[in-house]
Every structure is written in structure tokens, then in C-alpha cells.
Amino acid sequence: MDVYSKARDLGIDLEFVDGQGHRHVVNGERLRAILDGLPPPPRHPYLKQPVVVIVDAGDCHVPVDSEVNGIGWRLVGRNAVLARGRVARSMIDLPHSMAIGPYRLELENENCDTIDSIPLLVTPAAAYQGSFERVWVLSVQLYGLSSSRNWGIGDFTDLAALIELAAEWGCAGIGLNPLHALFDDRPLECSPYAPNSRLFLNPLYIDPERLPNFAGAWLAQHREQRDQARHGVLIDYAAVAELKFAALRYAFEAFNTEDATARVEFEAFRQERGELLQRFACFEVLRRQFAPLPWWQWPEEWRRPEDARIHGFRKGPQCAEIEFVEFVQWCAAIQLQSCADLAAERGMAVGLYLDVAVGVQAGGFDAWNEQNAISRGLSVGAPPDQLNTAGQDWGLAGFNAAGLEASGFAPFREMLRASMRFAGAIRLDHVLGLNRLYLIPSGASPRDGVYVEMPLDALLGVIAQESVSQRCITIGEDLGTVPDGFRDILAAWGVWSYKVMMFERGHDGAFIGPSGYAANALVTFNTHDLASFAGWQSHSDLKVKRELGLDPGESEAERAHARRAFEWKLGEEHIGPKNFFGAVEFLARTPSRILAIALDDLIGLKDQPNIPGTMNEHPNWRRRLPVELNDLGRCIDLDALRHALRIR
């Protein structure tokens with residue numbers, strides 16, 4: 001089989017059009033680099049690809065090749081055979097009373113040996129839609145929250161205080177940057193969108209003073225260190241990590257000797273999180289043991305997570321270190337859950353709105369744990385478009401179709417569940433990746449990537465299953481080059497759109513009116529990767545990008561035209577203020593059910609949290625808010641905010 005045939009089998013697009021309208025034809029050399037990074041496609045001699053059955057649709061028939069008529073089939077769930085039958089009229093007639101969940105559909109020969117097998121997903125008709133009308137949420141970068149009591153970084157106690165404050169303003173939820181686990185021993189790698197694992201939490205958000213048996217005497221001895229960590233405009237991640245992990249170890253030692261009740265709760269947590277938590281804890285200990293080597297250069301016996309070896313490792317000399325990692329995750333989970341519970345108690349209809357990164361770092365836990373389903377040798381990115389003319393390489397490893405199918409989509413399910421268990425809504429970053437991923441071989445230019453198809457229906461089926469189970473709205477960040485009909489497919493499955501006012505403009509540059517926005521959508525003025533409102537108005541984002549040697553994707557004249565179009569649209573809608581509150585009032589009039597307002601914009605910050613295309617050239621993800629939590633009510637014009645939101 002030649003390279004082009006192999007590429008077609010793996011769903012690789014041999015040509016595509018980028019966001020600038022340029023056509024790309026993929027050559028054989030580029031294909032070979034991609035093929036080397038993907039597992040071979042599963043072979044189905046008789047059955048088709050993964051099957052999605054909507055439980056309420058009444059259609060429980062699976063078509064198969066005519067040559068298997070008379071062959072036996074079986075439906076397997078939780079390692080038990082739930083139903084059997086024989087293929088008749090090129091059709092498998094499944095039971096009509098199947099519960100929502102994952103199954104496998106298998107064909108068997110006369111000896112009852114499996115001769116073909118595919119995942120079968122029984123799903124709700126659509127994802128969870130919520131039980132509220134039109135509300136607004138406050139978007140914040142949790143790490144940047146300032147307070148007189150935190151340890152140099154915003155934490156879960158700050159989040160609780162913000163929930164109390166925002167609930168008084170009529171806010172229905174708090175939107176947060178990804179809370180995924182990072183590499184806590186690599187302070188410069190602080191992007192929440194480049195995680196070690198999407199399955200676990202970042203320990204730096206723990207408030208040590210709320211830990212079981214934490215003694216104030218310990219803090220008194222380290223007060224100077226804490227005060228130093230709180231000093232400055234930028235977050236000192238290294239200082240914060242050193243201080244917090246010292247406190248966590250102190251709390252762990254006290255916990256092990258004094259608190260029998262907490263021990264019962266901890267053991268229940270370990271039991272609930274099961275094998276994944278065990279593997280993560282072992283990985284973190286191994287990662288430090290073999291540093292700085294990436295896991296694929298570790299000793300051979302540790303390059304794959306074999307359960308028997310892991311169980312032995314947990315009983316060996318490192319058992320206390322492994323339990324410490326599990327203890328830290330328990331502390332993070334109970335503090336985040338308490339914030340979710342508080343939001344519910346304060347009547348917040350959405351609660352926590354959490355962001356989910358599009359991929360993971362190749363050297364992290366998820367890539368080690370799911371070596372078939374995650375392609376560590378290929379990086380997820382985007383081809384050139386109007387804002388990023390050189391294309392983008394995000395340096396992240398993403399899922400692949402073959403590995404997901406082989407695992408029955410369990411890794412994708414676990415990723416969703418990890419965030420949904422705490423949230424009333426999640427946002428899937430770069431939701432276009434459910435349909436196809438733009439993959440770039442290691443060392444290649446972002447211009448030299450290719451699109452690889454993903455099992456869209458199956459992934460949407462898993463989203464519907466988990467969304468309904470967890471009662472969590474799913475919002476897809478559908479910006480960029482969107483294939484025709486893709487948004488319609490998302491909408492049919494109940495996945496909400498993500499509407500950014502900056503981009504909602506016609507070909508003539510005019511902003512579309514409020515009625516042009518979808519109802520099942522989250523609407524916002526900007527994102528963390530775009531200019532703040534103050535930066536946009538002052539053109540300071542264009543200046544910063546030029547100083548960094550980046551193409552801002554927009555000229556001064558084009559920005560001035562955009563600002564005039566913005567003011568004209570507000571005037572057309574009879575909105576008086578032509579400032580950020582005017583933008584809020586405009587967005588409040590849309591039918592979109594969630595309006596997200598950035599705290600940075602409410603306090604008038606010019607700098608955006610992140611400038612794509614930069615690493616250390618700009619202090620991405622490190623800025624601390626210049627206003628403390630207790631002063632937010634005095635810093636924000638709450639009367640203007642309430643007036644702008646009066647119809648919400």
C-alpha cells in the first residue's frame with residue numbers, strides 16, 4: 001500500500017484550504033512524517049466504524065456487510081454479554097431497552113471467537129442544556145486574583161470570596177482558566193493550556209491554611225517567605241511552589257499522625273478515583289526520580305504504565321511519596337468542590353464554568369498513560385489565518401482516532417468527567433478538533449501540518465452521555481476556519497457555540513446586530529488570547545505585538561475602522577455609552593443564554609493574559625491583578641454594570 005492510500009485510511013486530508021484562502025496539497029514526505037506518528041487504523045473486515053445509537057430515536061438496527069448474514073453477534077457491556085443474536089438481512093437488531101452508556105458490538109464465529117468488534121455508544125439525543133434563561137458569568141484568571149491573605153497566587157479560598165462577591169452582583173457563575181495539573185517543578189511552564197494532565201488539578205490553587213490539621217505556627221515561621229511571594233506585579237511561580245509544597249508536606253505529616261476522620265475521607269477519595277489516581281501519583285514520583293529525562297527515555301520497565309509493576313512500586317520505599325501526591329490531589333479536589341457547592345448555595349445557575357485545554361504536553365502523565373490514544377510525536381496547531389499569518393504550533397499532543405476507538409473512547413470520557421464533576425458548564429478549547437486536528441510533525445513549520453479526521457459522531461455521543469450524566473453544559477470554542485455545516489452538527493447535538501463580538505462582523509466590517517447571535521451560545525467581547533477592551537480601544541495590543549516582532553494581523557487604520565463600526569452599531573441600537581459597558585449592554589441584548597464578562601475588562605486593564613506566538617518574550621499567564629478582591633466593589637462601576645445588564 002502506497003503512502004497516499006495509507007493516509008486516506010487514517011483520514012488524512014490530502015489537500016485543504018487555510019484560513020487565508022490558500023490551497024495546500026500535501027506531498028509524500030509530509031505524509032510519511034505524519035504516518036510515523038499515528039497508530040495504524042483498526043481493521044474491521046465486516047463491521048463499520050464506531051456506532052452511535054440515540055436512545056430515544058427508536059432505531060436499534062446496525063447495518064453490516066451482506067457476507068456476514070447468519071453469523072452470531074453479541075453486545076458486551078462491563079465485560080458481560082448483555083444480548084446475543086444472529087445477523088439477518090444484513091442487519092443487527094439490537095435490544096430496544098439499552099441504557100445510556102458505552103458497549104462493544106462483536107461478531108463471533110461458530111466457535112464463539114471474536115472475528116470483529118467495534119465500540120457502540122448509546123447516547124441521549126443531545127447534551128445537557130441547563131434550566132435557566134439568559135444569565136451572565138464573570139471570567140477570571142484564577143492565578144491572577146490578589147488578596148491580602150493568599151500566598152502569592154490566587155487560590156480556591158480567593159475563588160470562594162469571589163463567588164460571594166459576584167453573587168451579590170447577580171452573577172450566575174465564575175468562568176476560570178483551565179485548572180489542569182502542570183509541571184509544578186517547572187515554574188516557567190505556567191500556561192494553563194499546556195498541561196501535564198487534564199485529569200488532575202493544579203496543586204498551586206490549594207489554600208494551605210484550610211488543610212486538615214494545618215497549624216498557624218508553621219505559617220508564622222514562614223511569614224516572611226509568604227510575604228515575599230506576594231510581592232511584585234508578576235507571579236513568582238517558583239517561590240509560590242516552594243512555599244506551598246513545604247506547607248503541603250507539613251500538613252501531610254500531621255494528617256498521617258493525627259486525623260482518623262480525614263483518613264476515612266481520603267481513602268474514599270482514593271477508592272473513587274481508582275487506577276487513574278494511582279498511576280498519576282506513581283508517574284509524578286517517577287518523573288522526579290528520572291528527571292530531566294522524558295518518560296520515553298526512562299528505564300524500559302517504566303516506559304509504559306503496567307498495573308502489576310505500579311502496584312509493586314506503591315508498596316516499596318517510595319510509598320509515602322506516592323501517597324503524598326494522592327493527598328495533594330485530594331486537598332485540591334475538596335477545596336474546588338467546596339467552591340462549586342458554595343456557588344450552588346448562592347443560587348448561581350451556572351456555578352463554575354471551566355475551560356478544557358485542547359491537548360497535553362508530550363512529556364506529561366496523560367501522554368504516558370494513553371500512549372495509543374495520544375500522539376506524542378505530533379503537535380496540534382492551526383494553519384495560517386488572518387490573525388496568525390505564519391500558522392500556529394501549540395506544542396501539544398492530542399488524541400488520535402485509532403487509539404480512541406481501540407479504547408472505547410475511555411480517555412476522552414475521563415477527560416470530560418475530570419472537569420464536569422465540578423462544573424455547571426465547560427468550554428472545549430478548539431472544538432474543531434472533534435472533527436479534524438491540524439497536526440504538525442516534530443520540528444516542522446506550522447505551515448507544514450496536515451488535517452487528520454476524527455470520529456466526530458462518536459466524540460459528540462460521549463459528550464452527550466457525560467454532559468447529561470453530570471448535568472453540565474458543553475460549550476465549543478468554534479473560532480477559526482470552520483468547515484461548512486460543522487456548527488449545525490454541534491447544535492444538533494446540543495453543544496453550544498462560542499461567540500466573540502470582535503469577530504461577529506460582516507464582510508463590510510459592520511458588527512452584526514444582537515438578533516444575529518444564537519440562543520444556545522456563550523457570548524463575550526474577547527478572549528484571553530485577544531486584546532482587552534481597553535487595549536483594543538487604545539490600539540496598545542497592536543503596538544505590543546509589533547514590538548515583539550509579531551504580525552498583529554491588523555493595521556492601525558483597520559483598527560480605527562473597527563472602532564468606528566463598533567460605535568456606529570451601539571448608536572444604531574440606541575446604546576449611550578461607547579465604552580466597555582456599552583459593549584456589555586449590546587451583548588446583554590443578544591438571545592445568547594450566557595454572557596461572559598472578563599474581570600480584566602471591568603477594571604480597565606490594557607494587557608491581555610496571553611499573546612499567542614510568544615513564550616518568554618511576554619509575561620503570559622503571570623500577571624497579578626492590580627486590585628485586591630476586597631477592593632473590587634469600589635474599583636468597578638457597579639451601577640453602570642447593573643444598568644448594562646438590566647434586561648438579563
# chains A, B, ... in the order shown; residues from 1 in each chain; ligands from 1
$ residues_around --residues "Glu628 (chain A)" --least-positions-apart "6" --cutoff "9 Å" --atoms "only C-alpha atoms" --output "mmCIF file with N, CA and C atoms, in the first residue's frame"
data_model
loop_
_atom_site.group_PDB
_atom_site.id
_atom_site.type_symbol
_atom_site.label_atom_id
_atom_site.label_comp_id
_atom_site.auth_asym_id
_atom_site.auth_seq_id
_atom_site.Cartn_x
_atom_site.Cartn_y
_atom_site.Cartn_z
ATOM 1 N N LEU A 145 -5.750 36.424 40.796
ATOM 2 C CA LEU A 145 -6.505 37.099 41.849
ATOM 3 C C LEU A 145 -5.577 37.551 42.974
ATOM 4 N N SER A 146 -5.784 38.762 43.426
ATOM 5 C CA SER A 146 -4.979 39.329 44.515
ATOM 6 C C SER A 146 -5.819 39.413 45.780
ATOM 7 N N SER A 147 -5.193 39.118 46.891
ATOM 8 C CA SER A 147 -5.870 39.288 48.179
ATOM 9 C C SER A 147 -4.817 39.482 49.255
ATOM 10 N N SER A 148 -5.259 39.960 50.385
ATOM 11 C CA SER A 148 -4.331 40.218 51.490
ATOM 12 C C SER A 148 -3.952 38.936 52.208
#
$ residues_around --residues "Trp536 (chain A)" --least-positions-apart "3" --cutoff "10 Å" --atoms "only C-alpha atoms" --output "JSON, numbers by chain"
{"A": [502, 526, 530, 531, 532, 533, 539, 540, 541, 542, 559, 560, 562, 563, 606, 607, 608]}
$ closest_residue --among "A:Ile594, A:Leu625, A:Ile426, A:Leu548" --to "Tyr517 (chain A)" --atoms "only C-alpha atoms"
A:Ile594
$ residues_around --residues "region 50-57 of chain A" --least-positions-apart "5" --cutoff "9 Å" --atoms "only C-alpha atoms" --output "PyMOL selection string"
chain A and resi 62+96-100+105+118-126+405+408+455+457-458+461
$ atom_distance --atom1 "CA of Glu323 (chain A)" --atom2 "CA of Val285 (chain A)"
10.0 Å
$ residues_around --residues "Phe255 (chain A)" --least-positions-apart "2" --cutoff "12 Å" --atoms "only C-alpha atoms" --output "PyMOL selection string"
chain A and resi 211-215+248-253+257-266+323-324+327-328+331
$ residues_around --residues "Trp496 (chain A)" --least-positions-apart "6" --cutoff "7 Å" --atoms "only C-alpha atoms" --output "PyMOL selection string"
chain A and resi 474-476+520-521
$ write_last_selection --atoms "C-alpha atoms" --output "short mmCIF file (atom, residue, chain, number, x, y, z; two decimals), in the first residue's frame"
data_model
loop_
_atom_site.label_atom_id
_atom_site.label_comp_id
_atom_site.auth_asym_id
_atom_site.auth_seq_id
_atom_site.Cartn_x
_atom_site.Cartn_y
_atom_site.Cartn_z
CA THR A 474 -20.79 21.93 26.96
CA ILE A 475 -19.59 24.99 25.03
CA GLY A 476 -17.40 24.51 21.97
CA ASN A 520 -27.60 28.30 22.81
CA ALA A 521 -24.27 30.09 22.91
#
$ select_by_dssp --residues "region 163-352 of chain A" --states "alpha helix (DSSP H)" --output "MDAnalysis selection string"
chainID A and resid 163:168 216:221 223:229 237:258 260:289 307:314 319:345
$ write_last_selection --atoms "C-alpha atoms" --output "mmCIF file, in the first residue's frame"
data_model
loop_
_atom_site.group_PDB
_atom_site.id
_atom_site.type_symbol
_atom_site.label_atom_id
_atom_site.label_comp_id
_atom_site.auth_asym_id
_atom_site.auth_seq_id
_atom_site.Cartn_x
_atom_site.Cartn_y
_atom_site.Cartn_z
ATOM 1 C CA ILE A 163 -18.253 33.751 44.403
ATOM 2 C CA GLU A 164 -19.700 35.504 47.467
ATOM 3 C CA LEU A 165 -18.964 38.909 45.972
ATOM 4 C CA ALA A 166 -20.207 38.189 42.439
ATOM 5 C CA ALA A 167 -23.394 36.523 43.666
ATOM 6 C CA GLU A 168 -24.374 39.872 45.188
ATOM 7 C CA GLY A 216 -0.788 28.551 62.213
ATOM 8 C CA ALA A 217 2.572 28.175 63.946
ATOM 9 C CA TRP A 218 4.088 26.816 60.718
ATOM 10 C CA LEU A 219 2.923 29.875 58.796
ATOM 11 C CA ALA A 220 4.267 32.193 61.483
ATOM 12 C CA GLN A 221 7.715 30.720 60.872
ATOM 13 C CA ARG A 223 5.536 34.565 57.042
ATOM 14 C CA GLU A 224 8.456 36.467 55.515
ATOM 15 C CA GLN A 225 8.716 33.909 52.719
ATOM 16 C CA ARG A 226 4.975 34.182 52.073
ATOM 17 C CA ASP A 227 5.081 37.974 52.012
ATOM 18 C CA GLN A 228 7.956 37.872 49.540
ATOM 19 C CA ALA A 229 5.998 35.531 47.268
ATOM 20 C CA TYR A 237 5.705 30.581 40.434
ATOM 21 C CA ALA A 238 8.978 29.126 41.743
ATOM 22 C CA ALA A 239 8.643 30.893 45.098
ATOM 23 C CA VAL A 240 4.949 30.001 45.375
ATOM 24 C CA ALA A 241 5.603 26.341 44.567
ATOM 25 C CA GLU A 242 8.478 26.057 47.055
ATOM 26 C CA LEU A 243 6.404 27.575 49.855
ATOM 27 C CA LYS A 244 3.169 25.715 49.149
ATOM 28 C CA PHE A 245 4.752 22.302 48.766
ATOM 29 C CA ALA A 246 6.618 22.782 52.040
ATOM 30 C CA ALA A 247 3.256 23.557 53.666
ATOM 31 C CA LEU A 248 1.602 20.591 51.946
ATOM 32 C CA ARG A 249 4.300 18.246 53.248
ATOM 33 C CA TYR A 250 3.878 19.627 56.744
ATOM 34 C CA ALA A 251 0.118 19.111 56.522
ATOM 35 C CA PHE A 252 0.617 15.597 55.159
ATOM 36 C CA GLU A 253 2.809 14.593 58.105
ATOM 37 C CA ALA A 254 0.238 15.966 60.568
ATOM 38 C CA PHE A 255 -2.568 14.244 58.683
ATOM 39 C CA ASN A 256 -0.796 10.879 58.858
ATOM 40 C CA THR A 257 -0.389 11.028 62.620
ATOM 41 C CA GLU A 258 -3.472 12.821 63.930
ATOM 42 C CA ALA A 260 -8.542 9.460 61.710
ATOM 43 C CA THR A 261 -11.760 11.015 60.348
ATOM 44 C CA ALA A 262 -9.998 12.750 57.483
ATOM 45 C CA ARG A 263 -8.167 9.498 56.738
ATOM 46 C CA VAL A 264 -11.513 7.776 56.094
ATOM 47 C CA GLU A 265 -12.496 10.545 53.656
ATOM 48 C CA PHE A 266 -9.103 10.363 51.950
ATOM 49 C CA GLU A 267 -9.383 6.608 51.481
ATOM 50 C CA ALA A 268 -12.842 7.066 49.971
ATOM 51 C CA PHE A 269 -11.352 9.563 47.506
ATOM 52 C CA ARG A 270 -8.578 7.129 46.572
ATOM 53 C CA GLN A 271 -11.123 4.392 46.035
ATOM 54 C CA GLU A 272 -13.332 6.620 43.884
ATOM 55 C CA ARG A 273 -10.501 7.865 41.645
ATOM 56 C CA GLY A 274 -9.045 4.375 41.468
ATOM 57 C CA GLU A 275 -6.410 3.302 38.995
ATOM 58 C CA LEU A 276 -6.006 6.701 37.332
ATOM 59 C CA LEU A 277 -5.014 8.357 40.612
ATOM 60 C CA GLN A 278 -2.605 5.529 41.412
ATOM 61 C CA ARG A 279 -0.958 5.853 38.022
ATOM 62 C CA PHE A 280 -0.727 9.637 38.238
ATOM 63 C CA ALA A 281 0.880 9.520 41.680
ATOM 64 C CA CYS A 282 3.431 6.947 40.546
ATOM 65 C CA PHE A 283 4.173 8.953 37.402
ATOM 66 C CA GLU A 284 4.860 12.101 39.410
ATOM 67 C CA VAL A 285 7.287 10.261 41.682
ATOM 68 C CA LEU A 286 8.989 8.582 38.717
ATOM 69 C CA ARG A 287 9.190 11.883 36.864
ATOM 70 C CA ARG A 288 11.195 13.428 39.687
ATOM 71 C CA GLN A 289 13.289 10.309 40.102
ATOM 72 C CA ASP A 307 -0.525 -2.171 36.635
ATOM 73 C CA ALA A 308 1.367 -5.019 38.287
ATOM 74 C CA ARG A 309 4.587 -3.019 38.365
ATOM 75 C CA ILE A 310 2.753 0.069 39.625
ATOM 76 C CA HIS A 311 1.127 -1.887 42.471
ATOM 77 C CA GLY A 312 4.571 -3.128 43.465
ATOM 78 C CA PHE A 313 6.036 0.363 43.290
ATOM 79 C CA ARG A 314 3.284 1.691 45.576
ATOM 80 C CA CYS A 319 5.065 4.566 49.070
ATOM 81 C CA ALA A 320 4.979 7.713 51.237
ATOM 82 C CA GLU A 321 5.873 9.949 48.279
ATOM 83 C CA ILE A 322 3.162 8.315 46.186
ATOM 84 C CA GLU A 323 0.591 8.806 48.934
ATOM 85 C CA PHE A 324 1.673 12.431 49.256
ATOM 86 C CA VAL A 325 0.794 13.075 45.591
ATOM 87 C CA GLU A 326 -2.607 11.448 46.163
ATOM 88 C CA PHE A 327 -3.111 13.523 49.325
ATOM 89 C CA VAL A 328 -2.373 16.737 47.416
ATOM 90 C CA GLN A 329 -4.939 15.849 44.751
ATOM 91 C CA TRP A 330 -7.484 15.095 47.459
ATOM 92 C CA CYS A 331 -6.891 18.501 49.060
ATOM 93 C CA ALA A 332 -7.307 20.244 45.696
ATOM 94 C CA ALA A 333 -10.484 18.318 44.890
ATOM 95 C CA ILE A 334 -12.228 19.001 48.206
ATOM 96 C CA GLN A 335 -11.404 22.720 48.059
ATOM 97 C CA LEU A 336 -12.624 23.071 44.460
ATOM 98 C CA GLN A 337 -15.750 21.064 45.270
ATOM 99 C CA SER A 338 -16.460 23.380 48.191
ATOM 100 C CA CYS A 339 -16.383 26.304 45.741
ATOM 101 C CA ALA A 340 -18.827 24.520 43.434
ATOM 102 C CA ASP A 341 -21.099 23.816 46.423
ATOM 103 C CA LEU A 342 -20.898 27.447 47.542
ATOM 104 C CA ALA A 343 -21.908 28.676 44.071
ATOM 105 C CA ALA A 344 -24.956 26.399 44.206
ATOM 106 C CA GLU A 345 -25.849 27.652 47.712
#
$ closest_residue --among "A:Leu439, A:Gly513, A:Arg487, A:Gly395" --to "Gly571 (chain A)" --atoms "only C-alpha atoms"
A:Gly513
$ atom_distance --atom1 "CA of Met501 (chain A)" --atom2 "CA of Ala534 (chain A)"
14.7 Å
$ closest_residue --among "A:Asn435, A:Asn388, A:Asn372, A:Gln465" --to "Leu416 (chain A)" --atoms "only C-alpha atoms"
A:Gln465
$ closest_residue --among "A:Tyr451, A:Trp295, A:Tyr438, A:Trp568" --to "Gly363 (chain A)" --atoms "only C-alpha atoms"
A:Trp295
$ residues_around --residues "Cys112 (chain A)" --least-positions-apart "6" --cutoff "10 Å" --atoms "only C-alpha atoms" --output "NGL selection string"
:A and (72-74)
$ write_last_selection --atoms "C-alpha atoms" --output "mmCIF file, in the first residue's frame"
data_model
loop_
_atom_site.group_PDB
_atom_site.id
_atom_site.type_symbol
_atom_site.label_atom_id
_atom_site.label_comp_id
_atom_site.auth_asym_id
_atom_site.auth_seq_id
_atom_site.Cartn_x
_atom_site.Cartn_y
_atom_site.Cartn_z
ATOM 1 C CA GLY A 72 -23.631 -14.600 15.507
ATOM 2 C CA TRP A 73 -23.318 -11.237 17.257
ATOM 3 C CA ARG A 74 -23.124 -10.246 20.903
#
$ closest_residue --among "A:Ala464, A:Trp394, A:Asp529, A:Lys543" --to "Trp493 (chain A)" --atoms "only C-alpha atoms"
A:Ala464
$ select_by_dssp --residues "region 391-502 of chain A" --states "strand (DSSP E)" --output "list of chain:residue names"
A:Gln392, A:Asp393, A:Trp394, A:Gly395, A:Leu396, A:Ala425, A:Ile426, A:Arg427, A:Leu428, A:Arg436, A:Leu437, A:Tyr438, A:Leu439, A:Ile440, A:Pro441, A:Val450, A:Tyr451, A:Val452, A:Glu453, A:Ile473, A:Thr474, A:Ile475, A:Gly476, A:Ser497, A:Tyr498, A:Lys499, A:Val500
$ closest_residue --among "A:Ser555, A:Leu162, A:Gly449, A:Phe525" --to "Leu632 (chain A)" --atoms "only C-alpha atoms"
A:Leu162
$ atom_distance --atom1 "CA of Ile440 (chain A)" --atom2 "CA of Gly398 (chain A)"
11.0 Å
$ residues_around --residues "region 195-199 of chain A" --least-positions-apart "5" --cutoff "9 Å" --atoms "only C-alpha atoms" --output "ChimeraX atom specification"
/A:178-183,189-190,276-277,280,356-357,359-367,396,414-419
$ decode --residues "region 474-524 of chain A" --atoms "C-alpha atoms" --output "PDB file, in the first residue's frame"
ATOM      1  CA  THR A 474     -20.787  21.931  26.959  1.00  0.00           C
ATOM      2  CA  ILE A 475     -19.589  24.988  25.032  1.00  0.00           C
ATOM      3  CA  GLY A 476     -17.399  24.515  21.970  1.00  0.00           C
ATOM      4  CA  GLU A 477     -14.783  27.170  21.171  1.00  0.00           C
ATOM      5  CA  ASP A 478     -15.610  27.207  17.460  1.00  0.00           C
ATOM      6  CA  LEU A 479     -13.392  30.058  16.266  1.00  0.00           C
ATOM      7  CA  GLY A 480     -11.094  29.877  13.260  1.00  0.00           C
ATOM      8  CA  THR A 481     -11.507  28.050   9.969  1.00  0.00           C
ATOM      9  CA  VAL A 482     -14.783  26.176  10.476  1.00  0.00           C
ATOM     10  CA  PRO A 483     -15.869  23.546   7.899  1.00  0.00           C
ATOM     11  CA  ASP A 484     -19.269  24.063   6.293  1.00  0.00           C
ATOM     12  CA  GLY A 485     -22.059  22.547   8.367  1.00  0.00           C
ATOM     13  CA  PHE A 486     -19.881  21.881  11.422  1.00  0.00           C
ATOM     14  CA  ARG A 487     -21.680  24.344  13.692  1.00  0.00           C
ATOM     15  CA  ASP A 488     -25.011  22.845  12.640  1.00  0.00           C
ATOM     16  CA  ILE A 489     -23.801  19.400  13.706  1.00  0.00           C
ATOM     17  CA  LEU A 490     -22.677  20.747  17.093  1.00  0.00           C
ATOM     18  CA  ALA A 491     -26.005  22.486  17.583  1.00  0.00           C
ATOM     19  CA  ALA A 492     -27.927  19.300  16.730  1.00  0.00           C
ATOM     20  CA  TRP A 493     -26.005  17.511  19.493  1.00  0.00           C
ATOM     21  CA  GLY A 494     -26.640  20.335  21.974  1.00  0.00           C
ATOM     22  CA  VAL A 495     -23.061  21.646  22.061  1.00  0.00           C
ATOM     23  CA  TRP A 496     -23.243  25.429  22.428  1.00  0.00           C
ATOM     24  CA  SER A 497     -21.399  27.885  20.229  1.00  0.00           C
ATOM     25  CA  TYR A 498     -18.839  30.438  21.447  1.00  0.00           C
ATOM     26  CA  LYS A 499     -19.478  33.907  20.040  1.00  0.00           C
ATOM     27  CA  VAL A 500     -16.836  36.629  20.321  1.00  0.00           C
ATOM     28  CA  MET A 501     -18.128  40.098  19.470  1.00  0.00           C
ATOM     29  CA  MET A 502     -14.759  41.115  17.985  1.00  0.00           C
ATOM     30  CA  PHE A 503     -15.279  38.535  15.246  1.00  0.00           C
ATOM     31  CA  GLU A 504     -19.026  38.838  14.722  1.00  0.00           C
ATOM     32  CA  ARG A 505     -18.816  41.194  11.760  1.00  0.00           C
ATOM     33  CA  GLY A 506     -19.954  41.162   8.148  1.00  0.00           C
ATOM     34  CA  HIS A 507     -17.755  41.278   5.045  1.00  0.00           C
ATOM     35  CA  ASP A 508     -18.009  45.081   5.114  1.00  0.00           C
ATOM     36  CA  GLY A 509     -16.669  45.178   8.692  1.00  0.00           C
ATOM     37  CA  ALA A 510     -20.003  46.092  10.268  1.00  0.00           C
ATOM     38  CA  PHE A 511     -20.861  44.415  13.565  1.00  0.00           C
ATOM     39  CA  ILE A 512     -23.886  42.141  13.335  1.00  0.00           C
ATOM     40  CA  GLY A 513     -26.900  43.021  15.453  1.00  0.00           C
ATOM     41  CA  PRO A 514     -27.944  41.274  18.664  1.00  0.00           C
ATOM     42  CA  SER A 515     -30.550  39.175  16.850  1.00  0.00           C
ATOM     43  CA  GLY A 516     -27.805  37.547  14.785  1.00  0.00           C
ATOM     44  CA  TYR A 517     -26.455  35.649  17.802  1.00  0.00           C
ATOM     45  CA  ALA A 518     -27.508  32.086  18.609  1.00  0.00           C
ATOM     46  CA  ALA A 519     -29.539  31.386  21.743  1.00  0.00           C
ATOM     47  CA  ASN A 520     -27.597  28.304  22.812  1.00  0.00           C
ATOM     48  CA  ALA A 521     -24.274  30.089  22.909  1.00  0.00           C
ATOM     49  CA  LEU A 522     -21.877  31.854  25.212  1.00  0.00           C
ATOM     50  CA  VAL A 523     -21.225  35.404  24.043  1.00  0.00           C
ATOM     51  CA  THR A 524     -18.297  37.575  25.082  1.00  0.00           C
TER      52      THR A 524
END
